[in-house]
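The next block holds one structure in the form of structure tokens; read it before the comments.
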Amino acid sequence: MRSKGYSGLVAHEAIHEDLVEQLKELEKKYDAGTMTLSIMTMHFLKDWLTDHIRTVDARFFDFLKQNEQS
Ligand SMILES: [Fe+2]
């Protein structure tokens, strides 16, 4: 994204950093024994990844297509 000059890079990085922070919180709870790796957690991760790839990552693919044509 950086090498292609993607204008949405900073926002995209922030979204990934937000996920990392959420995962760190889940890890803390898991390590503390206050949470088990539940179906809900697995659904959260699956939904996050699926939604992210289909929407946020797709914007980068659109950006690449537009820049290839110009
Ligand atoms: Fe991404």
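Just so we're on the same page: first chain in the structure tokens is A, next is B, and so on; residues restart at 1 for each chain, and ligands are numbered from 1 in the order they show up.
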Skip A:Leu19 itself and residues of its chain fewer than 4 positions away, then list as a PDB file with all heavy atoms, in the first residue's frame all residues within 12 Å of it, counting only C-alpha atoms.
```pdb
ATOM      1  N   HIS A  12      -6.196   2.724   7.010  1.00  0.00           N
ATOM      2  CA  HIS A  12      -6.142   1.266   6.983  1.00  0.00           C
ATOM      3  C   HIS A  12      -5.266   0.735   8.125  1.00  0.00           C
ATOM      4  O   HIS A  12      -5.623  -0.222   8.808  1.00  0.00           O
ATOM      5  CB  HIS A  12      -5.600   0.790   5.630  1.00  0.00           C
ATOM      6  CG  HIS A  12      -5.923  -0.632   5.322  1.00  0.00           C
ATOM      7  ND1 HIS A  12      -6.779  -1.002   4.318  1.00  0.00           N
ATOM      8  CD2 HIS A  12      -5.519  -1.782   5.902  1.00  0.00           C
ATOM      9  CE1 HIS A  12      -6.882  -2.313   4.288  1.00  0.00           C
ATOM     10  NE2 HIS A  12      -6.113  -2.820   5.243  1.00  0.00           N
ATOM     11  N   GLU A  13      -4.131   1.393   8.314  1.00  0.00           N
ATOM     12  CA  GLU A  13      -3.250   0.991   9.417  1.00  0.00           C
ATOM     13  C   GLU A  13      -3.968   1.137  10.753  1.00  0.00           C
ATOM     14  O   GLU A  13      -3.820   0.283  11.637  1.00  0.00           O
ATOM     15  CB  GLU A  13      -1.979   1.845   9.418  1.00  0.00           C
ATOM     16  CG  GLU A  13      -1.009   1.470   8.334  1.00  0.00           C
ATOM     17  CD  GLU A  13       0.227   2.363   8.317  1.00  0.00           C
ATOM     18  OE1 GLU A  13       0.137   3.553   8.662  1.00  0.00           O
ATOM     19  OE2 GLU A  13       1.286   1.850   7.937  1.00  0.00           O
ATOM     20  N   ALA A  14      -4.745   2.199  10.903  1.00  0.00           N
ATOM     21  CA  ALA A  14      -5.467   2.429  12.162  1.00  0.00           C
ATOM     22  C   ALA A  14      -6.475   1.319  12.423  1.00  0.00           C
ATOM     23  O   ALA A  14      -6.646   0.876  13.569  1.00  0.00           O
ATOM     24  CB  ALA A  14      -6.161   3.789  12.117  1.00  0.00           C
ATOM     25  N   ILE A  15      -7.131   0.853  11.368  1.00  0.00           N
ATOM     26  CA  ILE A  15      -8.097  -0.242  11.518  1.00  0.00           C
ATOM     27  C   ILE A  15      -7.384  -1.507  11.979  1.00  0.00           C
ATOM     28  O   ILE A  15      -7.861  -2.213  12.880  1.00  0.00           O
ATOM     29  CB  ILE A  15      -8.851  -0.469  10.186  1.00  0.00           C
ATOM     30  CG1 ILE A  15      -9.762   0.731   9.902  1.00  0.00           C
ATOM     31  CG2 ILE A  15      -9.628  -1.770  10.214  1.00  0.00           C
ATOM     32  CD1 ILE A  15     -10.335   0.758   8.498  1.00  0.00           C
ATOM     33  N   LEU A  23      -7.448  -7.664  20.112  1.00  0.00           N
ATOM     34  CA  LEU A  23      -6.909  -9.008  20.337  1.00  0.00           C
ATOM     35  C   LEU A  23      -6.059  -9.068  21.602  1.00  0.00           C
ATOM     36  O   LEU A  23      -6.080 -10.072  22.323  1.00  0.00           O
ATOM     37  CB  LEU A  23      -6.091  -9.458  19.122  1.00  0.00           C
ATOM     38  CG  LEU A  23      -6.904  -9.690  17.854  1.00  0.00           C
ATOM     39  CD1 LEU A  23      -5.983 -10.023  16.684  1.00  0.00           C
ATOM     40  CD2 LEU A  23      -7.926 -10.806  18.058  1.00  0.00           C
ATOM     41  N   LYS A  24      -5.330  -7.968  21.874  1.00  0.00           N
ATOM     42  CA  LYS A  24      -4.531  -7.924  23.106  1.00  0.00           C
ATOM     43  C   LYS A  24      -5.438  -8.007  24.329  1.00  0.00           C
ATOM     44  O   LYS A  24      -5.103  -8.658  25.324  1.00  0.00           O
ATOM     45  CB  LYS A  24      -3.687  -6.643  23.151  1.00  0.00           C
ATOM     46  CG  LYS A  24      -2.497  -6.673  22.225  1.00  0.00           C
ATOM     47  CD  LYS A  24      -1.727  -5.358  22.328  1.00  0.00           C
ATOM     48  CE  LYS A  24      -0.558  -5.327  21.376  1.00  0.00           C
ATOM     49  NZ  LYS A  24       0.123  -4.004  21.400  1.00  0.00           N
ATOM     50  N   GLU A  25      -6.580  -7.311  24.260  1.00  0.00           N
ATOM     51  CA  GLU A  25      -7.534  -7.363  25.375  1.00  0.00           C
ATOM     52  C   GLU A  25      -8.087  -8.779  25.550  1.00  0.00           C
ATOM     53  O   GLU A  25      -8.208  -9.279  26.676  1.00  0.00           O
ATOM     54  CB  GLU A  25      -8.677  -6.375  25.144  1.00  0.00           C
ATOM     55  CG  GLU A  25      -8.286  -4.930  25.348  1.00  0.00           C
ATOM     56  CD  GLU A  25      -7.752  -4.661  26.755  1.00  0.00           C
ATOM     57  OE1 GLU A  25      -8.382  -5.101  27.737  1.00  0.00           O
ATOM     58  OE2 GLU A  25      -6.689  -4.020  26.856  1.00  0.00           O
ATOM     59  N   LEU A  26      -8.409  -9.421  24.433  1.00  0.00           N
ATOM     60  CA  LEU A  26      -8.898 -10.797  24.511  1.00  0.00           C
ATOM     61  C   LEU A  26      -7.818 -11.717  25.077  1.00  0.00           C
ATOM     62  O   LEU A  26      -8.102 -12.600  25.902  1.00  0.00           O
ATOM     63  CB  LEU A  26      -9.326 -11.286  23.120  1.00  0.00           C
ATOM     64  CG  LEU A  26     -10.586 -10.643  22.528  1.00  0.00           C
ATOM     65  CD1 LEU A  26     -10.821 -11.152  21.110  1.00  0.00           C
ATOM     66  CD2 LEU A  26     -11.803 -10.925  23.401  1.00  0.00           C
ATOM     67  N   PHE A  44     -16.271 -13.524  16.018  1.00  0.00           N
ATOM     68  CA  PHE A  44     -15.773 -12.152  15.918  1.00  0.00           C
ATOM     69  C   PHE A  44     -14.602 -12.088  14.940  1.00  0.00           C
ATOM     70  O   PHE A  44     -14.562 -11.233  14.053  1.00  0.00           O
ATOM     71  CB  PHE A  44     -15.338 -11.635  17.300  1.00  0.00           C
ATOM     72  CG  PHE A  44     -14.429 -10.441  17.227  1.00  0.00           C
ATOM     73  CD1 PHE A  44     -14.938  -9.184  16.893  1.00  0.00           C
ATOM     74  CD2 PHE A  44     -13.070 -10.570  17.475  1.00  0.00           C
ATOM     75  CE1 PHE A  44     -14.089  -8.085  16.806  1.00  0.00           C
ATOM     76  CE2 PHE A  44     -12.222  -9.474  17.389  1.00  0.00           C
ATOM     77  CZ  PHE A  44     -12.731  -8.235  17.057  1.00  0.00           C
ATOM     78  N   LEU A  45     -13.661 -12.992  15.104  1.00  0.00           N
ATOM     79  CA  LEU A  45     -12.483 -12.989  14.227  1.00  0.00           C
ATOM     80  C   LEU A  45     -12.853 -13.290  12.781  1.00  0.00           C
ATOM     81  O   LEU A  45     -12.390 -12.620  11.856  1.00  0.00           O
ATOM     82  CB  LEU A  45     -11.451 -14.001  14.729  1.00  0.00           C
ATOM     83  CG  LEU A  45     -10.811 -13.647  16.058  1.00  0.00           C
ATOM     84  CD1 LEU A  45      -9.973 -14.817  16.561  1.00  0.00           C
ATOM     85  CD2 LEU A  45      -9.958 -12.392  15.917  1.00  0.00           C
ATOM     86  N   TRP A  48     -14.749 -10.309  11.416  1.00  0.00           N
ATOM     87  CA  TRP A  48     -13.853  -9.163  11.202  1.00  0.00           C
ATOM     88  C   TRP A  48     -13.069  -9.361   9.920  1.00  0.00           C
ATOM     89  O   TRP A  48     -13.001  -8.458   9.072  1.00  0.00           O
ATOM     90  CB  TRP A  48     -12.893  -8.991  12.380  1.00  0.00           C
ATOM     91  CG  TRP A  48     -12.131  -7.683  12.321  1.00  0.00           C
ATOM     92  CD1 TRP A  48     -12.453  -6.531  12.972  1.00  0.00           C
ATOM     93  CD2 TRP A  48     -10.950  -7.405  11.566  1.00  0.00           C
ATOM     94  NE1 TRP A  48     -11.539  -5.554  12.662  1.00  0.00           N
ATOM     95  CE2 TRP A  48     -10.606  -6.048  11.804  1.00  0.00           C
ATOM     96  CE3 TRP A  48     -10.133  -8.154  10.716  1.00  0.00           C
ATOM     97  CZ2 TRP A  48      -9.502  -5.443  11.222  1.00  0.00           C
ATOM     98  CZ3 TRP A  48      -9.041  -7.541  10.120  1.00  0.00           C
ATOM     99  CH2 TRP A  48      -8.724  -6.208  10.380  1.00  0.00           C
ATOM    100  N   LEU A  49     -12.463 -10.535   9.786  1.00  0.00           N
ATOM    101  CA  LEU A  49     -11.640 -10.791   8.606  1.00  0.00           C
ATOM    102  C   LEU A  49     -12.465 -10.769   7.323  1.00  0.00           C
ATOM    103  O   LEU A  49     -12.071 -10.159   6.333  1.00  0.00           O
ATOM    104  CB  LEU A  49     -10.914 -12.137   8.745  1.00  0.00           C
ATOM    105  CG  LEU A  49      -9.753 -12.144   9.716  1.00  0.00           C
ATOM    106  CD1 LEU A  49      -9.277 -13.576   9.965  1.00  0.00           C
ATOM    107  CD2 LEU A  49      -8.602 -11.294   9.200  1.00  0.00           C
ATOM    108  N   HIS A  52     -13.570  -7.199   6.662  1.00  0.00           N
ATOM    109  CA  HIS A  52     -12.420  -6.359   6.336  1.00  0.00           C
ATOM    110  C   HIS A  52     -11.935  -6.603   4.909  1.00  0.00           C
ATOM    111  O   HIS A  52     -11.704  -5.661   4.152  1.00  0.00           O
ATOM    112  CB  HIS A  52     -11.291  -6.630   7.338  1.00  0.00           C
ATOM    113  CG  HIS A  52     -10.091  -5.774   7.095  1.00  0.00           C
ATOM    114  ND1 HIS A  52      -9.984  -4.491   7.559  1.00  0.00           N
ATOM    115  CD2 HIS A  52      -8.947  -6.026   6.411  1.00  0.00           C
ATOM    116  CE1 HIS A  52      -8.832  -3.977   7.184  1.00  0.00           C
ATOM    117  NE2 HIS A  52      -8.180  -4.889   6.485  1.00  0.00           N
TER     118      HIS A  52
END
```
Please identify every residue of chain A that has at least one atom no farther than 12 Å from an atom of ligand 1, counting only C-alpha atoms and all ligand atoms, and for each give the shortest atom pair and the distance in Å to one decimal, arranged by chain then increasing number, as a Markdown table.
```
| residue | atom | partner | partner_atom_place_in_ligand_line | distance |
| --- | --- | --- | --- | --- |
| A:Met1 | CA | ligand 1 | 1 (Fe) | 9.7 |
| A:Gly8 | CA | ligand 1 | 1 (Fe) | 10.6 |
| A:Leu9 | CA | ligand 1 | 1 (Fe) | 9.4 |
| A:Val10 | CA | ligand 1 | 1 (Fe) | 11.2 |
| A:Ala11 | CA | ligand 1 | 1 (Fe) | 10.0 |
| A:His12 | CA | ligand 1 | 1 (Fe) | 6.3 |
| A:Glu13 | CA | ligand 1 | 1 (Fe) | 7.6 |
| A:Ala14 | CA | ligand 1 | 1 (Fe) | 9.8 |
| A:Ile15 | CA | ligand 1 | 1 (Fe) | 7.7 |
| A:His16 | CA | ligand 1 | 1 (Fe) | 6.5 |
| A:Glu17 | CA | ligand 1 | 1 (Fe) | 10.2 |
| A:Asp18 | CA | ligand 1 | 1 (Fe) | 11.4 |
| A:Leu19 | CA | ligand 1 | 1 (Fe) | 10.3 |
| A:Val20 | CA | ligand 1 | 1 (Fe) | 11.9 |
| A:Trp48 | CA | ligand 1 | 1 (Fe) | 10.4 |
| A:Leu49 | CA | ligand 1 | 1 (Fe) | 8.5 |
| A:Thr50 | CA | ligand 1 | 1 (Fe) | 10.5 |
| A:Asp51 | CA | ligand 1 | 1 (Fe) | 10.1 |
| A:His52 | CA | ligand 1 | 1 (Fe) | 6.4 |
| A:Ile53 | CA | ligand 1 | 1 (Fe) | 6.5 |
| A:Arg54 | CA | ligand 1 | 1 (Fe) | 9.7 |
| A:Thr55 | CA | ligand 1 | 1 (Fe) | 9.3 |
| A:Val56 | CA | ligand 1 | 1 (Fe) | 6.4 |
| A:Asp57 | CA | ligand 1 | 1 (Fe) | 5.0 |
| A:Ala58 | CA | ligand 1 | 1 (Fe) | 8.8 |
| A:Arg59 | CA | ligand 1 | 1 (Fe) | 9.7 |
| A:Phe60 | CA | ligand 1 | 1 (Fe) | 8.7 |
| A:Phe61 | CA | ligand 1 | 1 (Fe) | 10.8 |
```
Quick one: write out the picked residues with N, CA and C atoms as a PDB file, in the first residue's frame?
```
ATOM      1  N   MET A   1       0.830  -1.189   0.000  1.00  0.00           N
ATOM      2  CA  MET A   1       0.000   0.000   0.000  1.00  0.00           C
ATOM      3  C   MET A   1       0.872   1.248   0.000  1.00  0.00           C
ATOM      4  N   GLY A   8      -5.413   5.759   1.354  1.00  0.00           N
ATOM      5  CA  GLY A   8      -6.110   5.275   2.534  1.00  0.00           C
ATOM      6  C   GLY A   8      -5.223   4.516   3.503  1.00  0.00           C
ATOM      7  N   LEU A   9      -3.919   4.612   3.292  1.00  0.00           N
ATOM      8  CA  LEU A   9      -2.988   3.824   4.107  1.00  0.00           C
ATOM      9  C   LEU A   9      -3.102   4.112   5.604  1.00  0.00           C
ATOM     10  N   VAL A  10      -3.107   5.372   5.973  1.00  0.00           N
ATOM     11  CA  VAL A  10      -3.119   5.722   7.407  1.00  0.00           C
ATOM     12  C   VAL A  10      -4.389   5.180   8.068  1.00  0.00           C
ATOM     13  N   ALA A  11      -5.523   5.369   7.396  1.00  0.00           N
ATOM     14  CA  ALA A  11      -6.787   4.866   7.955  1.00  0.00           C
ATOM     15  C   ALA A  11      -6.774   3.340   8.021  1.00  0.00           C
ATOM     16  N   HIS A  12      -6.196   2.724   7.010  1.00  0.00           N
ATOM     17  CA  HIS A  12      -6.142   1.266   6.983  1.00  0.00           C
ATOM     18  C   HIS A  12      -5.266   0.735   8.125  1.00  0.00           C
ATOM     19  N   GLU A  13      -4.131   1.393   8.314  1.00  0.00           N
ATOM     20  CA  GLU A  13      -3.250   0.991   9.417  1.00  0.00           C
ATOM     21  C   GLU A  13      -3.968   1.137  10.753  1.00  0.00           C
ATOM     22  N   ALA A  14      -4.745   2.199  10.903  1.00  0.00           N
ATOM     23  CA  ALA A  14      -5.467   2.429  12.162  1.00  0.00           C
ATOM     24  C   ALA A  14      -6.475   1.319  12.423  1.00  0.00           C
ATOM     25  N   ILE A  15      -7.131   0.853  11.368  1.00  0.00           N
ATOM     26  CA  ILE A  15      -8.097  -0.242  11.518  1.00  0.00           C
ATOM     27  C   ILE A  15      -7.384  -1.507  11.979  1.00  0.00           C
ATOM     28  N   HIS A  16      -6.226  -1.789  11.380  1.00  0.00           N
ATOM     29  CA  HIS A  16      -5.470  -2.976  11.796  1.00  0.00           C
ATOM     30  C   HIS A  16      -4.973  -2.834  13.238  1.00  0.00           C
ATOM     31  N   GLU A  17      -4.512  -1.630  13.579  1.00  0.00           N
ATOM     32  CA  GLU A  17      -4.031  -1.404  14.945  1.00  0.00           C
ATOM     33  C   GLU A  17      -5.173  -1.578  15.947  1.00  0.00           C
ATOM     34  N   ASP A  18      -6.368  -1.163  15.568  1.00  0.00           N
ATOM     35  CA  ASP A  18      -7.525  -1.335  16.440  1.00  0.00           C
ATOM     36  C   ASP A  18      -7.801  -2.821  16.672  1.00  0.00           C
ATOM     37  N   LEU A  19      -7.696  -3.605  15.626  1.00  0.00           N
ATOM     38  CA  LEU A  19      -7.890  -5.055  15.790  1.00  0.00           C
ATOM     39  C   LEU A  19      -6.836  -5.627  16.730  1.00  0.00           C
ATOM     40  N   VAL A  20      -5.587  -5.210  16.544  1.00  0.00           N
ATOM     41  CA  VAL A  20      -4.513  -5.711  17.409  1.00  0.00           C
ATOM     42  C   VAL A  20      -4.816  -5.386  18.868  1.00  0.00           C
ATOM     43  N   TRP A  48     -14.749 -10.309  11.416  1.00  0.00           N
ATOM     44  CA  TRP A  48     -13.853  -9.163  11.202  1.00  0.00           C
ATOM     45  C   TRP A  48     -13.069  -9.361   9.920  1.00  0.00           C
ATOM     46  N   LEU A  49     -12.463 -10.535   9.786  1.00  0.00           N
ATOM     47  CA  LEU A  49     -11.640 -10.791   8.606  1.00  0.00           C
ATOM     48  C   LEU A  49     -12.465 -10.769   7.323  1.00  0.00           C
ATOM     49  N   THR A  50     -13.600 -11.412   7.355  1.00  0.00           N
ATOM     50  CA  THR A  50     -14.444 -11.469   6.165  1.00  0.00           C
ATOM     51  C   THR A  50     -14.891 -10.073   5.767  1.00  0.00           C
ATOM     52  N   ASP A  51     -15.393  -9.317   6.733  1.00  0.00           N
ATOM     53  CA  ASP A  51     -15.861  -7.958   6.445  1.00  0.00           C
ATOM     54  C   ASP A  51     -14.707  -7.069   5.993  1.00  0.00           C
ATOM     55  N   HIS A  52     -13.570  -7.199   6.662  1.00  0.00           N
ATOM     56  CA  HIS A  52     -12.420  -6.359   6.336  1.00  0.00           C
ATOM     57  C   HIS A  52     -11.935  -6.603   4.909  1.00  0.00           C
ATOM     58  N   ILE A  53     -11.802  -7.845   4.547  1.00  0.00           N
ATOM     59  CA  ILE A  53     -11.319  -8.174   3.200  1.00  0.00           C
ATOM     60  C   ILE A  53     -12.313  -7.707   2.144  1.00  0.00           C
ATOM     61  N   ARG A  54     -13.602  -7.919   2.422  1.00  0.00           N
ATOM     62  CA  ARG A  54     -14.615  -7.560   1.421  1.00  0.00           C
ATOM     63  C   ARG A  54     -14.822  -6.056   1.276  1.00  0.00           C
ATOM     64  N   THR A  55     -14.567  -5.296   2.330  1.00  0.00           N
ATOM     65  CA  THR A  55     -14.840  -3.858   2.250  1.00  0.00           C
ATOM     66  C   THR A  55     -13.565  -3.016   2.277  1.00  0.00           C
ATOM     67  N   VAL A  56     -12.824  -3.100   3.353  1.00  0.00           N
ATOM     68  CA  VAL A  56     -11.682  -2.203   3.526  1.00  0.00           C
ATOM     69  C   VAL A  56     -10.546  -2.573   2.572  1.00  0.00           C
ATOM     70  N   ASP A  57     -10.190  -3.850   2.524  1.00  0.00           N
ATOM     71  CA  ASP A  57      -9.125  -4.251   1.598  1.00  0.00           C
ATOM     72  C   ASP A  57      -9.569  -4.058   0.151  1.00  0.00           C
ATOM     73  N   ALA A  58     -10.846  -4.261  -0.114  1.00  0.00           N
ATOM     74  CA  ALA A  58     -11.358  -4.092  -1.480  1.00  0.00           C
ATOM     75  C   ALA A  58     -11.156  -2.667  -1.977  1.00  0.00           C
ATOM     76  N   ARG A  59     -11.197  -1.683  -1.077  1.00  0.00           N
ATOM     77  CA  ARG A  59     -10.960  -0.288  -1.490  1.00  0.00           C
ATOM     78  C   ARG A  59      -9.551  -0.131  -2.059  1.00  0.00           C
ATOM     79  N   PHE A  60      -8.612  -0.850  -1.484  1.00  0.00           N
ATOM     80  CA  PHE A  60      -7.241  -0.784  -2.003  1.00  0.00           C
ATOM     81  C   PHE A  60      -7.164  -1.413  -3.388  1.00  0.00           C
ATOM     82  N   PHE A  61      -7.885  -2.505  -3.581  1.00  0.00           N
ATOM     83  CA  PHE A  61      -7.885  -3.140  -4.908  1.00  0.00           C
ATOM     84  C   PHE A  61      -8.498  -2.198  -5.931  1.00  0.00           C
TER      85      PHE A  61
END
```
**Report entry** Pairwise distance for atom CA of A:Ser7 and atom CA of A:Gln22, rounded to one decimal in Å
**Finding:** 24.9 Å
Report task. Pick out each residue of chain A that DSSP on the backbone tags as alpha helix (DSSP H); I need them as a count of residues only. Result -> 49
